[in-house]
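To start, the structure under review is shown below, and the notes come after it.
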Amino acid sequence: MSVSFNHTIIASKDRHASAQFFRELLEVDEAPSWGPFVNIRLPDGVLLQFAEPPVEIQMQHYAFLVDEELFDRAYRRLAEGGVEHWADPQMTRPGETNTERGGRGVYFKDPAGHAIELITRPYL
């Protein structure tokens with residue numbers, strides 16, 4: 001039996017705003033939603049389900065591997081939208097991207113405060 005990642009639930013302060021943020025950033029379409037979830041589907045079929053849990057949200061880290069063209073468009077949207085971003089996870093290089101592993105990367109926070117990373121080359 002093969003294994004693949006299918007879905008995850010991302011805790012949100014506003015599930016609709018978070019889903020919209022990721023839809024626009026990653027240029028993906030809405031997916032059918034149900035119950036407490038607002039869903040988006042990534043091109044590889046992975047489902048991101050946004051929900052508003054009745055607890056304090058703890059920051060999580062989500063990294064997305066994107067191609068160079070999407071990185072350019074997404075980075076432009078972040079910069080033009082005034083989204084604070086950094087070249088490093090320690091947040092010591094504000095307003096920059098990095099060129100590690102032969103690609104590019106950027107770190108920023110989503111509307112719920114999660115640490116998001118866009119990279120153009122995988123770590124391994």
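Each chain in the structure tokens gets a letter, A, B and so on, in the order shown; residues start at 1 in every chain, and ligands are counted from 1 in the order they appear.
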When you look at segment 66-83 of chain A with a cut-off of 7 Å (counting only C-alpha atoms), what residues show up, excluding the ones that are within fewer than 4 positions of it in the same chain? I need them as a PyMOL selection string. chain A and resi 25-26+118-120
Selection above as a file: N, CA and C atoms, as a tab-separated table (two decimals), in the first residue's frame:
chain	number	residue	atom	x	y	z
A	25	LEU	N	-3.32	33.47	-2.43
A	25	LEU	CA	-1.87	33.35	-2.37
A	25	LEU	C	-1.38	32.21	-3.26
A	26	LEU	N	-2.02	31.05	-3.15
A	26	LEU	CA	-1.57	29.85	-3.86
A	26	LEU	C	-2.27	29.64	-5.19
A	118	LEU	N	7.04	29.71	2.03
A	118	LEU	CA	7.00	29.35	0.60
A	118	LEU	C	8.42	29.09	0.17
A	119	ILE	N	8.65	27.95	-0.49
A	119	ILE	CA	9.98	27.60	-0.99
A	119	ILE	C	9.85	27.11	-2.43
A	120	THR	N	10.94	27.27	-3.19
A	120	THR	CA	10.93	26.80	-4.57
A	120	THR	C	11.76	25.53	-4.76
With segment 13-23 of chain A as the partner and 7 Å as the cut-off, tabulate the residues of segment 29-113 of chain A that qualify, each row holding the nearest pair of atoms and their distance in Å to one decimal, using only C-alpha atoms, sorted by chain and rising number, as a tab-separated table.
residue	atom	partner	partner_atom	distance
A:Asp29	CA	A:Arg23	CA	6.2
A:Val38	CA	A:Arg15	CA	6.2
A:Asn39	CA	A:Ala19	CA	6.9
A:Ile40	CA	A:Ala19	CA	6.8
A:Phe50	CA	A:Arg15	CA	5.1
A:Ala51	CA	A:Arg15	CA	5.3
A:Glu52	CA	A:Lys13	CA	5.7
A:Pro111	CA	A:Ser18	CA	5.9
A:Ala112	CA	A:Lys13	CA	5.5
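Atom pair atom CA of Asn98 of chain A / atom CA of Gly113 of chain A has a distance of 21.2 Å (rounded to one decimal).
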Judged by only C-alpha atoms, the minimum distance to Gln60 of chain A among A:Gln90, A:Ser33, A:Ser12, A:Thr97 is found for A:Ser12
Write out as a PyMOL selection string all residues of segment 11-117 of chain A that backbone DSSP assigns to alpha helix (DSSP H). chain A and resi 15-26+68-80
Which residues are near Arg41 of chain A? Cut-off 10 Å, only C-alpha atoms, ignore same chain within fewer than 2 positions. Put them as a ChimeraX atom specification. /A:6-7,23,28-32,39,43-49
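Atom to atom, atom CA of Tyr123 of chain A and atom CA of Ile10 of chain A stand 22.8 Å apart.
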If you run DSSP over the backbone, which residues in segment 5-123 of chain A end up strand (DSSP E or B)? Put them as a PyMOL selection string. chain A and resi 7-11+30+38-41+47-51+61-65+85-86+94+98+105-109+115-119
Output file for the selection above: C-alpha atoms, as a short mmCIF file (atom, residue, chain, number, x, y, z; two decimals), in the first residue's frame:
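Dumped everything to out_23.cif:
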data_model
loop_
_atom_site.label_atom_id
_atom_site.label_comp_id
_atom_site.auth_asym_id
_atom_site.auth_seq_id
_atom_site.Cartn_x
_atom_site.Cartn_y
_atom_site.Cartn_z
CA HIS A 7 -5.81 16.57 4.42
CA THR A 8 -5.25 18.68 7.48
CA ILE A 9 -7.35 21.06 9.56
CA ILE A 10 -5.92 24.54 10.03
CA ALA A 11 -7.24 26.41 13.06
CA GLU A 30 -12.51 26.59 -3.60
CA VAL A 38 -14.14 25.91 4.60
CA ASN A 39 -11.99 23.87 2.24
CA ILE A 40 -9.45 24.44 -0.50
CA ARG A 41 -7.75 21.75 -2.55
CA LEU A 47 -7.32 19.24 1.15
CA LEU A 48 -6.79 22.16 3.54
CA GLN A 49 -9.75 22.51 5.89
CA PHE A 50 -10.11 25.77 7.80
CA ALA A 51 -12.09 25.71 11.06
CA HIS A 61 4.17 25.97 10.74
CA TYR A 62 3.06 25.17 7.19
CA ALA A 63 5.50 25.09 4.26
CA PHE A 64 4.46 25.06 0.62
CA LEU A 65 6.68 24.04 -2.29
CA HIS A 85 7.69 38.83 5.74
CA TRP A 86 11.21 37.62 6.38
CA PRO A 94 12.59 41.57 7.33
CA ASN A 98 16.35 33.84 0.82
CA GLY A 105 12.10 31.11 0.20
CA VAL A 106 10.07 33.51 2.31
CA TYR A 107 8.41 33.36 5.73
CA PHE A 108 5.28 35.24 6.88
CA LYS A 109 2.21 34.88 9.09
CA ALA A 115 4.08 30.66 10.41
CA ILE A 116 3.94 30.09 6.65
CA GLU A 117 6.88 29.30 4.39
CA LEU A 118 7.00 29.35 0.60
CA ILE A 119 9.98 27.60 -0.99
#
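The residue that comes closest to Pro89 of chain A, out of A:Gly103, A:Phe37, A:His114, A:Pro53 and on the basis of only C-alpha atoms, is A:His114.
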